[in-house]
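Structure file work_15.pdb with PDB, C-alpha atoms, pLDDT in the B column:
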MODEL        1
ATOM      1  CA  MET A   1      31.795  60.888 100.344  1.00 44.00           C
ATOM      2  CA  ALA A   2      35.102  62.787 100.280  1.00 49.00           C
ATOM      3  CA  LYS A   3      38.334  60.852 100.130  1.00 50.00           C
ATOM      4  CA  LYS A   4      40.492  60.974 103.218  1.00 62.00           C
ATOM      5  CA  GLN A   5      43.737  62.775 102.414  1.00 77.00           C
ATOM      6  CA  GLU A   6      46.860  60.661 102.971  1.00 91.00           C
ATOM      7  CA  LEU A   7      49.112  62.033 105.672  1.00 95.00           C
ATOM      8  CA  THR A   8      52.511  63.087 104.386  1.00 97.00           C
ATOM      9  CA  TYR A   9      55.566  64.334 106.215  1.00 97.00           C
ATOM     10  CA  ALA A  10      55.010  67.850 104.858  1.00 97.00           C
ATOM     11  CA  SER A  11      51.326  67.923 105.825  1.00 98.00           C
ATOM     12  CA  ALA A  12      52.141  66.579 109.299  1.00 98.00           C
ATOM     13  CA  ILE A  13      54.756  69.296 109.850  1.00 98.00           C
ATOM     14  CA  ALA A  14      52.307  71.947 108.615  1.00 98.00           C
ATOM     15  CA  GLU A  15      49.625  70.696 111.011  1.00 97.00           C
ATOM     16  CA  ILE A  16      52.081  70.641 113.922  1.00 98.00           C
ATOM     17  CA  GLU A  17      53.080  74.233 113.146  1.00 98.00           C
ATOM     18  CA  GLU A  18      49.436  75.304 112.928  1.00 96.00           C
ATOM     19  CA  ILE A  19      48.526  73.705 116.258  1.00 95.00           C
ATOM     20  CA  MET A  20      51.632  75.106 117.952  1.00 95.00           C
ATOM     21  CA  ALA A  21      50.781  78.604 116.699  1.00 95.00           C
ATOM     22  CA  GLN A  22      47.276  78.239 118.159  1.00 93.00           C
ATOM     23  CA  ILE A  23      48.703  77.077 121.488  1.00 91.00           C
ATOM     24  CA  GLU A  24      51.285  79.875 121.620  1.00 92.00           C
ATOM     25  CA  SER A  25      48.702  82.545 120.812  1.00 93.00           C
ATOM     26  CA  ASN A  26      46.254  81.185 123.394  1.00 90.00           C
ATOM     27  CA  GLU A  27      43.658  80.502 120.677  1.00 84.00           C
ATOM     28  CA  LEU A  28      42.818  77.089 122.135  1.00 84.00           C
ATOM     29  CA  ASN A  29      40.531  76.800 125.088  1.00 88.00           C
ATOM     30  CA  ILE A  30      41.438  74.388 127.862  1.00 87.00           C
ATOM     31  CA  ASP A  31      38.905  71.808 126.639  1.00 86.00           C
ATOM     32  CA  LYS A  32      40.596  71.605 123.234  1.00 92.00           C
ATOM     33  CA  LEU A  33      44.179  71.780 124.539  1.00 92.00           C
ATOM     34  CA  THR A  34      44.480  68.129 125.589  1.00 93.00           C
ATOM     35  CA  GLU A  35      43.097  66.939 122.258  1.00 95.00           C
ATOM     36  CA  SER A  36      45.537  69.177 120.372  1.00 95.00           C
ATOM     37  CA  VAL A  37      48.539  68.024 122.410  1.00 94.00           C
ATOM     38  CA  LYS A  38      47.592  64.389 121.716  1.00 96.00           C
ATOM     39  CA  ARG A  39      47.314  65.162 117.990  1.00 97.00           C
ATOM     40  CA  VAL A  40      50.729  66.851 117.948  1.00 97.00           C
ATOM     41  CA  THR A  41      52.223  63.859 119.766  1.00 98.00           C
ATOM     42  CA  ALA A  42      50.795  61.484 117.148  1.00 98.00           C
ATOM     43  CA  LEU A  43      52.061  63.689 114.326  1.00 98.00           C
ATOM     44  CA  ILE A  44      55.559  63.848 115.822  1.00 98.00           C
ATOM     45  CA  LYS A  45      55.595  60.063 116.135  1.00 98.00           C
ATOM     46  CA  PHE A  46      54.530  59.781 112.474  1.00 98.00           C
ATOM     47  CA  CYS A  47      57.306  62.183 111.403  1.00 98.00           C
ATOM     48  CA  LYS A  48      59.969  60.352 113.398  1.00 98.00           C
ATOM     49  CA  THR A  49      58.910  57.037 111.856  1.00 98.00           C
ATOM     50  CA  LYS A  50      58.904  58.545 108.362  1.00 98.00           C
ATOM     51  CA  LEU A  51      62.392  59.981 108.868  1.00 98.00           C
ATOM     52  CA  TYR A  52      63.716  56.654 110.176  1.00 98.00           C
ATOM     53  CA  GLU A  53      62.193  54.711 107.272  1.00 97.00           C
ATOM     54  CA  THR A  54      63.574  57.197 104.752  1.00 97.00           C
ATOM     55  CA  GLU A  55      67.044  56.996 106.278  1.00 97.00           C
ATOM     56  CA  GLU A  56      66.937  53.190 106.141  1.00 98.00           C
ATOM     57  CA  GLU A  57      65.839  53.240 102.499  1.00 97.00           C
ATOM     58  CA  VAL A  58      68.525  55.750 101.508  1.00 97.00           C
ATOM     59  CA  ASN A  59      71.183  53.655 103.252  1.00 97.00           C
ATOM     60  CA  ARG A  60      69.937  50.529 101.477  1.00 96.00           C
ATOM     61  CA  VAL A  61      70.094  52.245  98.093  1.00 96.00           C
ATOM     62  CA  ILE A  62      73.589  53.580  98.782  1.00 95.00           C
ATOM     63  CA  LYS A  63      74.781  50.079  99.743  1.00 95.00           C
ATOM     64  CA  GLU A  64      73.342  48.690  96.510  1.00 93.00           C
ATOM     65  CA  ILE A  65      75.326  51.095  94.351  1.00 92.00           C
ATOM     66  CA  SER A  66      78.548  50.835  96.349  1.00 83.00           C
TER      67      SER A  66
ENDMDL
END
What does this structure look like when you write it as structure tokens?
Amino acid sequence: MAKKQELTYASAIAEIEEIMAQIESNELNIDKLTESVKRVTALIKFCKTKLYETEEEVNRVIKEIS
């Protein structure tokens, strides 16, 4: 069985860009559109959380060295 690849910020952004390109070029049929929009929403939420956590960690490190 293949290992499931861990989602990273970079891979999430790449997937969002890929899905958006498909939507903009009308490559997705209406049946797949809802599923794709839900996936993009989940990916955006993941990215926002990752950015927030990174900001918090950077601020913590800066406070430690100040």
Next on the checklist: For the provided coordinates, the residues matched by the PyMOL selection byres ((chain A and resi 9) around 8) should be stated as a ChimeraX atom specification.
Outcome noted: /A:7-8,10-13,46-47,50
Checklist entry - Rounded to one decimal in Å, what is the spacing between atom CA of A:Ser36 and atom CA of A:Ile16? => result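 Interatomic distance here is 9.3 Å.
Going from atom CA of A:Gln5 to atom CA of A:Leu43 covers 14.6 Å.
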Next on the checklist: Here is a test: counting only C-alpha atoms, which residue of A:Lys45, A:Val40, A:Glu55, A:Glu35 is nearest to A:Met20?
Outcome noted: A:Val40
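Atom CA of A:Glu17 lies 15.5 Å from atom CA of A:Lys48.
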